[in-house]
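*Asks:* So here's upload.txt (compact mmCIF, C-alpha atoms).
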# COMPACT_ATOMS: atom_id res chain seq x y z
CA MET B 289 0.00 0.00 0.00
CA ASN B 290 1.27 3.50 -0.78
CA ALA B 291 1.20 6.38 1.71
CA SER B 292 -2.10 7.78 0.42
CA GLN B 293 -3.85 4.40 0.74
CA VAL B 294 -2.58 4.00 4.31
CA ILE B 295 -3.99 7.42 5.21
CA ASP B 296 -7.33 6.52 3.62
CA SER B 297 -7.47 3.31 5.66
CA TYR B 298 -6.74 5.21 8.87
CA VAL B 299 -9.37 7.85 8.11
CA ARG B 300 -12.01 5.19 7.48
CA ASP B 301 -11.20 3.46 10.76
CA VAL B 302 -11.39 6.75 12.66
CA ALA B 303 -14.67 7.75 11.03
CA GLN B 304 -16.43 4.53 11.95
CA TYR B 305 -16.22 5.56 15.63
CA LEU B 306 -17.94 8.89 14.96
CA PRO B 307 -21.65 9.78 14.76
CA ARG B 308 -22.92 9.42 11.20
CA ASP B 309 -23.69 13.14 10.83
CA LYS B 310 -20.03 14.01 11.56
CA ARG B 311 -18.26 11.28 9.65
CA ASN B 312 -17.85 12.86 6.24
CA ASP B 313 -16.77 16.27 7.57
CA VAL B 314 -14.27 14.79 10.00
CA ALA B 315 -12.97 12.37 7.38
CA PHE B 316 -12.37 15.24 4.96
CA GLU B 317 -10.66 17.38 7.61
CA LEU B 318 -8.51 14.55 8.97
CA ARG B 319 -7.48 13.41 5.49
CA ALA B 320 -6.31 16.92 4.60
CA LEU B 321 -4.50 17.34 7.94
CA LEU B 322 -2.65 14.05 7.59
CA ALA B 323 -1.72 14.78 3.98
CA ASP B 324 -0.28 18.18 4.96
CA GLU B 325 1.70 16.77 7.88
CA LEU B 326 3.01 13.92 5.77
CA ALA B 327 4.13 16.36 3.06
CA ALA B 328 5.95 18.44 5.66
CA LYS B 329 7.55 15.33 7.13
CA ALA B 330 8.70 14.18 3.69
CA ALA B 331 10.11 17.61 2.89
CA ALA B 332 12.06 17.63 6.15
CA ALA B 333 13.44 14.17 5.41
CA GLY B 334 14.27 15.11 1.82
CA LYS B 335 12.60 12.07 0.28
CA PRO B 336 9.17 11.06 -1.02
CA PRO B 337 6.69 9.78 1.59
CA ASP B 338 6.55 6.01 2.00
CA GLN B 339 4.60 3.56 4.15
CA ALA B 340 7.13 3.60 7.00
CA MET B 341 6.98 7.39 7.15
CA VAL B 342 3.19 7.55 7.23
CA MET B 343 2.97 4.78 9.85
CA GLU B 344 5.33 6.81 12.06
CA LEU B 345 3.10 9.84 11.56
CA LEU B 346 -0.07 7.92 12.40
CA ALA B 347 1.50 6.43 15.51
CA GLY B 348 1.60 9.97 16.89
CA PHE B 349 -2.14 10.35 16.29
CA GLY B 350 -2.91 7.17 18.26
CA ARG B 351 -5.31 4.33 17.61
CA PRO B 352 -8.34 5.24 15.46
CA ALA B 353 -10.63 5.05 18.51
CA GLU B 354 -8.38 7.50 20.37
CA ALA B 355 -8.23 9.89 17.41
CA ALA B 356 -12.03 9.76 17.05
CA SER B 357 -12.52 10.56 20.73
CA ARG B 358 -10.74 13.88 20.19
CA TYR B 359 -13.31 14.88 17.58
CA ALA B 360 -16.40 13.50 19.34
CA PRO B 361 -15.81 12.10 22.83
CA ARG B 362 -18.13 9.20 23.59
CA ALA B 363 -20.03 9.22 26.86
CA PRO B 364 -19.01 6.10 28.79
CA ILE B 365 -21.69 3.47 29.33
CA ILE B 366 -20.18 2.79 32.74
CA ASP B 367 -18.59 5.53 34.81
CA PRO B 368 -14.79 5.07 34.79
CA ALA B 369 -14.80 4.97 38.59
CA ASP B 370 -16.97 1.83 38.44
CA ASN B 371 -14.90 -0.06 35.85
CA HIS B 372 -13.04 -2.27 38.29
CA ASN B 373 -16.13 -3.07 40.37
CA LEU B 374 -18.08 -3.97 37.25
CA PHE B 375 -15.28 -6.19 36.03
CA ILE B 376 -15.01 -8.01 39.36
CA TRP B 377 -18.75 -8.56 39.71
CA ALA B 378 -19.09 -9.77 36.10
CA LEU B 379 -16.18 -12.17 36.51
CA VAL B 380 -17.35 -13.51 39.88
CA GLY B 381 -20.90 -13.89 38.60
CA SER B 382 -19.79 -15.84 35.54
CA VAL B 383 -17.68 -18.20 37.68
CA VAL B 384 -20.56 -18.81 40.10
CA ALA B 385 -23.03 -19.41 37.27
CA THR B 386 -20.68 -21.89 35.63
CA LEU B 387 -20.05 -23.75 38.89
CA ARG B 388 -23.78 -24.06 39.53
CA ASN B 389 -24.48 -25.40 36.05
CA PRO B 390 -21.23 -26.72 34.49
CA GLN B 391 -23.10 -28.58 31.73
CA ALA B 392 -24.68 -25.44 30.34
CA GLY B 393 -21.57 -24.32 28.45
CA ILE B 394 -20.95 -20.61 28.05
CA THR B 395 -23.68 -18.80 29.98
CA PHE B 396 -24.59 -15.16 29.53
CA LEU B 397 -22.58 -14.14 32.56
CA GLY B 398 -19.74 -16.33 31.36
CA TRP B 399 -19.74 -14.46 28.08
CA VAL B 400 -19.79 -11.09 29.86
CA GLY B 401 -16.87 -12.18 31.99
CA ALA B 402 -14.94 -13.37 28.94
CA VAL B 403 -15.52 -10.08 27.12
CA PHE B 404 -14.31 -8.08 30.08
CA LEU B 405 -11.26 -10.29 30.38
CA VAL B 406 -10.38 -9.63 26.75
CA PHE B 407 -10.77 -5.85 27.01
CA ALA B 408 -8.99 -5.70 30.35
CA GLY B 409 -6.13 -7.71 28.85
CA LEU B 410 -5.89 -5.37 25.88
CA ALA B 411 -5.81 -2.32 28.12
CA TRP B 412 -3.16 -3.90 30.35
CA ALA B 413 -1.01 -4.80 27.33
CA ARG B 414 -1.21 -1.27 25.96
CA ARG B 415 -0.29 0.29 29.30
CA ARG B 416 2.55 -2.12 30.01
CA GLN B 417 4.09 -2.44 26.55
CA GLY B 418 3.38 1.03 25.21
CA PRO B 419 1.79 2.10 21.91
CA GLY B 420 3.83 -0.38 19.85
CA VAL B 421 1.85 -3.41 21.05
CA LEU B 422 -1.37 -4.21 19.21
CA ARG B 423 -0.73 -1.20 17.02
CA TRP B 424 -3.07 -0.21 14.23
CA ARG B 425 -2.45 -1.69 10.80
CA PRO B 426 -3.87 -0.39 7.52
CA LYS B 427 -6.55 -2.40 5.72
CA ARG B 428 -7.44 -2.40 2.07
CA VAL B 429 -10.85 -1.17 0.97
CA GLU B 430 -13.52 -3.84 0.79
CA LYS B 431 -15.21 -3.94 -2.63
CA PRO B 432 -13.22 -0.96 -3.98
CA ALA B 433 -14.49 1.37 -6.70
CA ALA B 434 -11.51 0.44 -8.90
CA MET B 435 -9.81 -2.94 -9.07
CA PRO B 436 -7.94 -5.10 -11.62
CA ARG B 437 -10.41 -6.95 -13.82
CA ILE B 438 -8.62 -10.24 -13.21
CA LEU B 439 -9.64 -9.98 -9.54
CA ALA B 440 -13.24 -9.37 -10.57
CA LEU B 441 -13.09 -12.38 -12.91
CA ILE B 442 -12.07 -14.82 -10.15
CA PRO B 443 -15.42 -14.86 -8.27
CA VAL B 444 -17.34 -15.21 -11.55
CA VAL B 445 -15.34 -18.30 -12.53
CA ALA B 446 -15.50 -19.68 -8.99
CA LEU B 447 -19.28 -19.27 -8.82
CA LEU B 448 -19.85 -20.96 -12.17
CA ALA B 449 -17.37 -23.77 -11.46
CA PHE B 450 -18.63 -24.67 -8.01
CA PRO B 451 -22.07 -23.75 -6.61
CA VAL B 452 -23.88 -23.07 -9.89
CA PHE B 453 -22.54 -26.18 -11.64
CA GLN B 454 -23.10 -28.26 -8.51
CA TYR B 455 -26.70 -27.10 -8.18
CA LEU B 456 -27.50 -27.52 -11.86
CA ALA B 457 -26.00 -31.00 -12.27
CA PRO B 458 -24.85 -32.59 -9.00
CA GLN B 459 -24.14 -35.96 -10.64
CA ALA B 460 -21.86 -34.47 -13.27
CA PHE B 461 -20.17 -32.27 -10.67
CA VAL B 462 -19.35 -35.16 -8.32
CA ARG B 463 -18.27 -37.35 -11.22
CA LEU B 464 -15.90 -34.67 -12.46
CA ALA B 465 -14.66 -33.59 -9.01
CA PHE B 466 -13.86 -37.13 -7.86
CA LEU B 467 -12.83 -38.49 -11.27
CA GLY B 468 -15.61 -41.07 -11.22
CA ALA B 469 -14.44 -42.68 -7.97
CA VAL B 470 -17.67 -41.83 -6.09
CA PRO B 471 -21.06 -43.34 -7.08
CA THR B 472 -23.56 -40.73 -8.20
CA SER B 473 -26.75 -42.71 -8.70
CA GLY B 474 -28.34 -41.33 -5.53
CA LEU B 475 -27.79 -37.72 -6.61
CA GLU B 476 -30.40 -37.72 -9.35
CA PHE B 477 -33.06 -35.04 -8.86
CA THR B 478 -36.68 -36.05 -8.55
CA GLN B 479 -38.94 -34.84 -11.32
CA ALA B 480 -41.03 -32.90 -8.80
CA PHE B 481 -37.96 -30.93 -7.75
CA ARG B 482 -36.91 -30.30 -11.34
CA ASP B 483 -40.32 -28.75 -12.00
CA SER B 484 -40.55 -26.90 -8.67
CA TRP B 485 -40.73 -23.16 -8.16
CA GLN B 486 -38.02 -23.49 -5.49
CA ARG B 487 -35.47 -24.70 -8.02
CA ALA B 488 -36.47 -22.07 -10.59
CA ALA B 489 -36.23 -19.28 -7.99
CA THR B 490 -32.86 -20.54 -6.75
CA LEU B 491 -31.43 -20.62 -10.27
CA LEU B 492 -32.70 -17.09 -10.74
CA ALA B 493 -31.00 -16.04 -7.49
CA PHE B 494 -27.74 -17.65 -8.65
CA ALA B 495 -28.08 -15.70 -11.89
CA GLY B 496 -28.51 -12.50 -9.88
CA VAL B 497 -25.33 -13.14 -7.86
CA VAL B 498 -23.34 -13.96 -10.99
CA GLY B 499 -24.85 -10.97 -12.78
CA VAL B 500 -23.66 -8.53 -10.11
CA HIS B 501 -20.13 -9.93 -10.30
CA LEU B 502 -20.22 -9.69 -14.10
CA ALA B 503 -21.24 -6.03 -13.79
CA VAL B 504 -18.30 -5.45 -11.45
CA LEU B 505 -16.05 -7.15 -14.02
CA VAL B 506 -17.32 -4.90 -16.81
CA ARG B 507 -17.09 -1.70 -14.73
CA GLY B 508 -13.68 -2.62 -13.32
CA GLY B 509 -14.79 -2.03 -9.73
CA TRP B 510 -17.69 -1.82 -7.30
CA ARG B 511 -20.33 0.90 -7.13
CA PRO B 512 -22.85 1.57 -4.33
CA TRP B 513 -25.62 -0.13 -6.32
CA SER B 514 -23.51 -3.25 -6.94
CA ARG B 515 -22.47 -3.49 -3.28
CA TRP B 516 -26.12 -3.26 -2.22
CA GLY B 517 -27.06 -5.58 -5.08
CA ILE B 518 -24.74 -8.39 -3.99
CA ALA B 519 -26.05 -8.11 -0.43
CA VAL B 520 -29.66 -8.40 -1.61
CA ALA B 521 -28.85 -11.23 -4.06
CA ASN B 522 -26.97 -13.21 -1.42
CA ALA B 523 -29.78 -12.72 1.10
CA GLY B 524 -32.35 -14.01 -1.39
CA LEU B 525 -30.18 -16.96 -2.35
CA GLY B 526 -29.53 -17.77 1.31
CA LEU B 527 -33.23 -17.76 2.19
CA LEU B 528 -33.98 -20.07 -0.72
CA LEU B 529 -31.24 -22.49 0.35
CA VAL B 530 -32.61 -22.45 3.90
CA ALA B 531 -35.97 -23.41 2.37
CA HIS B 532 -34.23 -26.45 0.82
CA ALA B 533 -33.52 -27.68 4.35
CA LEU B 534 -37.26 -27.72 5.10
CA PRO B 535 -39.78 -30.21 3.72
CA MET B 536 -40.41 -29.29 0.08
CA ARG B 537 -44.01 -28.75 -1.04
CA THR B 538 -45.61 -27.87 -4.33
CA LEU B 539 -46.90 -24.32 -4.72
CA LEU B 540 -50.62 -24.98 -5.22
CA SER B 541 -51.49 -28.48 -4.03
CA ARG B 542 -48.97 -28.38 -1.15
CA GLU B 543 -47.91 -31.94 -1.89
CA PRO B 544 -44.59 -32.92 -0.28
CA PHE B 545 -41.68 -34.03 -2.45
CA GLU B 546 -37.98 -34.82 -2.09
CA ILE B 547 -35.01 -33.16 -3.77
CA PHE B 548 -33.01 -36.30 -4.56
CA GLU B 549 -34.15 -39.78 -5.49
CA SER B 550 -31.98 -41.23 -2.71
CA THR B 551 -33.22 -40.95 0.88
CA LEU B 552 -29.64 -40.90 2.12
CA ALA B 553 -28.72 -38.04 -0.22
CA ASN B 554 -31.67 -36.01 1.08
CA ARG B 555 -30.72 -36.69 4.70
CA VAL B 556 -27.14 -35.56 4.09
CA ALA B 557 -27.92 -32.59 1.84
CA MET B 558 -30.73 -30.90 3.78
CA PRO B 559 -28.65 -29.72 6.78
CA ILE B 560 -25.90 -28.62 4.38
CA PHE B 561 -28.41 -26.51 2.45
CA GLY B 562 -29.58 -24.98 5.73
CA ALA B 563 -26.07 -24.20 7.01
CA VAL B 564 -24.90 -22.67 3.72
CA GLY B 565 -28.10 -20.66 3.41
CA ALA B 566 -27.82 -19.32 6.95
CA MET B 567 -24.20 -18.29 6.37
CA LEU B 568 -25.19 -16.47 3.18
CA VAL B 569 -27.95 -14.57 4.97
CA LEU B 570 -25.59 -13.57 7.78
CA ALA B 571 -22.93 -12.52 5.26
CA ALA B 572 -25.52 -10.46 3.37
CA LEU B 573 -26.63 -8.72 6.57
CA TYR B 574 -22.99 -7.95 7.37
CA ASP B 575 -22.38 -6.62 3.84
CA GLY B 576 -25.49 -4.46 4.13
CA TYR B 577 -24.31 -3.04 7.43
CA ARG B 578 -20.82 -2.39 6.03
CA GLU B 579 -22.29 -0.50 3.09
CA TRP B 580 -24.64 1.48 5.34
CA ALA B 581 -21.67 2.46 7.54
CA ARG B 582 -19.25 2.92 4.65
CA ILE B 583 -17.01 5.98 4.79
CA GLU B 584 -15.62 7.68 1.71
CA PRO B 585 -12.70 9.87 2.82
CA ALA B 586 -11.51 12.91 0.93
CA PRO B 587 -10.00 11.99 -2.43
CA ALA B 588 -6.29 11.28 -2.60
CA LEU B 589 -4.09 14.21 -3.55
Please, can you express the file's structure as structure tokens?
*Replies:*
Amino acid sequence: MNASQVIDSYVRDVAQYLPRDKRNDVAFELRALLADELAAKAAAAGKPPDQAMVMELLAGFGRPAEAASRYAPRAPIIDPADNHNLFIWALVGSVVATLRNPQAGITFLGWVGAVFLVFAGLAWARRRQGPGVLRWRPKRVEKPAAMPRILALIPVVALLAFPVFQYLAPQAFVRLAFLGAVPTSGLEFTQAFRDSWQRAATLLAFAGVVGVHLAVLVRGGWRPWSRWGIAVANAGLGLLLVAHALPMRTLLSREPFEIFESTLANRVAMPIFGAVGAMLVLAALYDGYREWARIEPAPAL
């Protein structure tokens, strides 16, 4: 990453800690301030700015959360004077709850205690080791507006080669993937499933996912509509795959039917459909949140 990209990454991480109505203004101001200070630092050193130089500059500004607190201090949920008491009570409560019911796994209080242990450990490490420990590192932009087309081509090929091909023709996929070493007779679709609205809708959802990636390939990068589009397409596809884990029924007569001719194949595939579908829905919700909270800093100089 070059110096400008590192600054952009830092500005985005700072802005995510700010109220939404202040993010763009602060991002613009901070981006300009960092660019000016970096230019002055490079001039004093007599060489062009590089990543090491900008990381040294950003270390002086502190972690993104610390920098954001200077622009818009957050009111603490718990008064600082009560931090230690809260930590002790949460930890003791989680231990007592676990001792009373050791078979229950991680209880709510156990989770609270674990979270406080993590944050207390991070704070202790920062105080003891100084700012160098657990220091901030720049991250590349997710779904950037400009990217090499070869990177945009990879998900298109991967989608067509794996989930789409597998869903369209599971027998041919397994035969090709395992070089004919695995029997495929049980993977034949029932005629009811071939004619079902669930299969038609799922193929349409796959086409939507592939279509968004093709648009990204053509445009050479992501746009707001394509980032929202992939979230919506993945959510729809995920919900349809979750429906595959439930008993299938025809649209009008509500007659039950199976996906595969083999009972064993249905028993194995249904929980897999459900798990993959749930993961897609969660990923789509995360992508939607990331786009809603997305920060576009001031343009690079």
*Asks:* Select, from B:His372, B:His532, B:Arg482, B:Arg515, the residue with the minimum atom-to-atom distance to Leu573 (chain B), counting only C-alpha atoms.
*Replies:* B:Arg515
*Asks:* Set the distance at 10 Å and use only C-alpha atoms: which residues neighbour Ala408 (chain B) once local chain neighbours fewer than 4 positions away are removed? I'd like the list as a ChimeraX atom specification.
*Replies:* /B:371-372,375,402-404,412-414
*Asks:* Taking into account only C-alpha atoms, which residue in the set B:Leu540, B:Val506, B:Val445, B:Leu570 is nearest to Asn522 (chain B)?
*Replies:* B:Leu570
*Asks:* Of the candidates B:Ala489, B:Asp575, B:Pro544, B:Pro352, which shows the shortest atom-to-atom distance to Trp516 (chain B), using all atoms listed in the file?
*Replies:*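 Distance minimum relative to Trp516 (chain B) lands on B:Asp575.
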*Asks:* Residues within 8 Å of Ala323 (chain B), please, as a list in words. Count only C-alpha atoms; anything in the same chain fewer than 4 positions from it doesn't count.
*Replies:* Ser292, Ile295, Arg319, Ala327 and Leu589 of chain B
*Asks:* Might you pull out every residue within 12 Å of Pro559 (chain B), with all atoms listed in the file counted and same-chain residues fewer than 6 positions away left off, and present them as a PyMOL selection string?
*Replies:* chain B and resi 529-535+553+565-566
*Asks:* Can you pull out every residue within 9 Å of region 427-442 of chain B, counting all atoms listed in the file, but drop anything in the same chain fewer than 6 positions away, and send it as a list in words?
*Replies:* Met289, Gln293, Val294, Asp296, Ser297, Tyr298, His501, Leu502, Val504, Leu505, Val506, Arg507, Gly508, Gly509, Trp510, Arg511, Pro512 and Arg515 of chain B
*Asks:* Find the residues around region 304-318 of chain B up to 9 Å (all atoms listed in the file counted), leave out those fewer than 3 positions away in its own chain, and share them as a ChimeraX atom specification.
*Replies:* /B:296,299-301,321-323,352-353,356-357,359-362,581-587
*Asks:* If you measure from CA of Phe477 (chain B) to CA of Glu549 (chain B), what distance in Å do you get, rounded to one decimal?
*Replies:* 5.9 Å
*Asks:* For CA of Met536 (chain B) and CA of Asn554 (chain B), quote the distance in Å rounded to one decimal.
*Replies:*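 Rounded to one decimal, the two atoms are 11.1 Å apart.
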*Asks:* Please measure the separation of CA of Val498 (chain B) and CA of Arg555 (chain B), giving the value in Å to one decimal.
*Replies:*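 Computed distance, CA of Val498 (chain B) to CA of Arg555 (chain B), equals 28.6 Å.
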*Asks:* Given the choices B:Thr490, B:Thr478, B:Gln459, B:Asn373, which gets closest to Phe545 (chain B) if the distance is worked out from all atoms listed in the file?
*Replies:*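 The shortest atom-to-atom distance to Phe545 (chain B) comes from B:Thr478.
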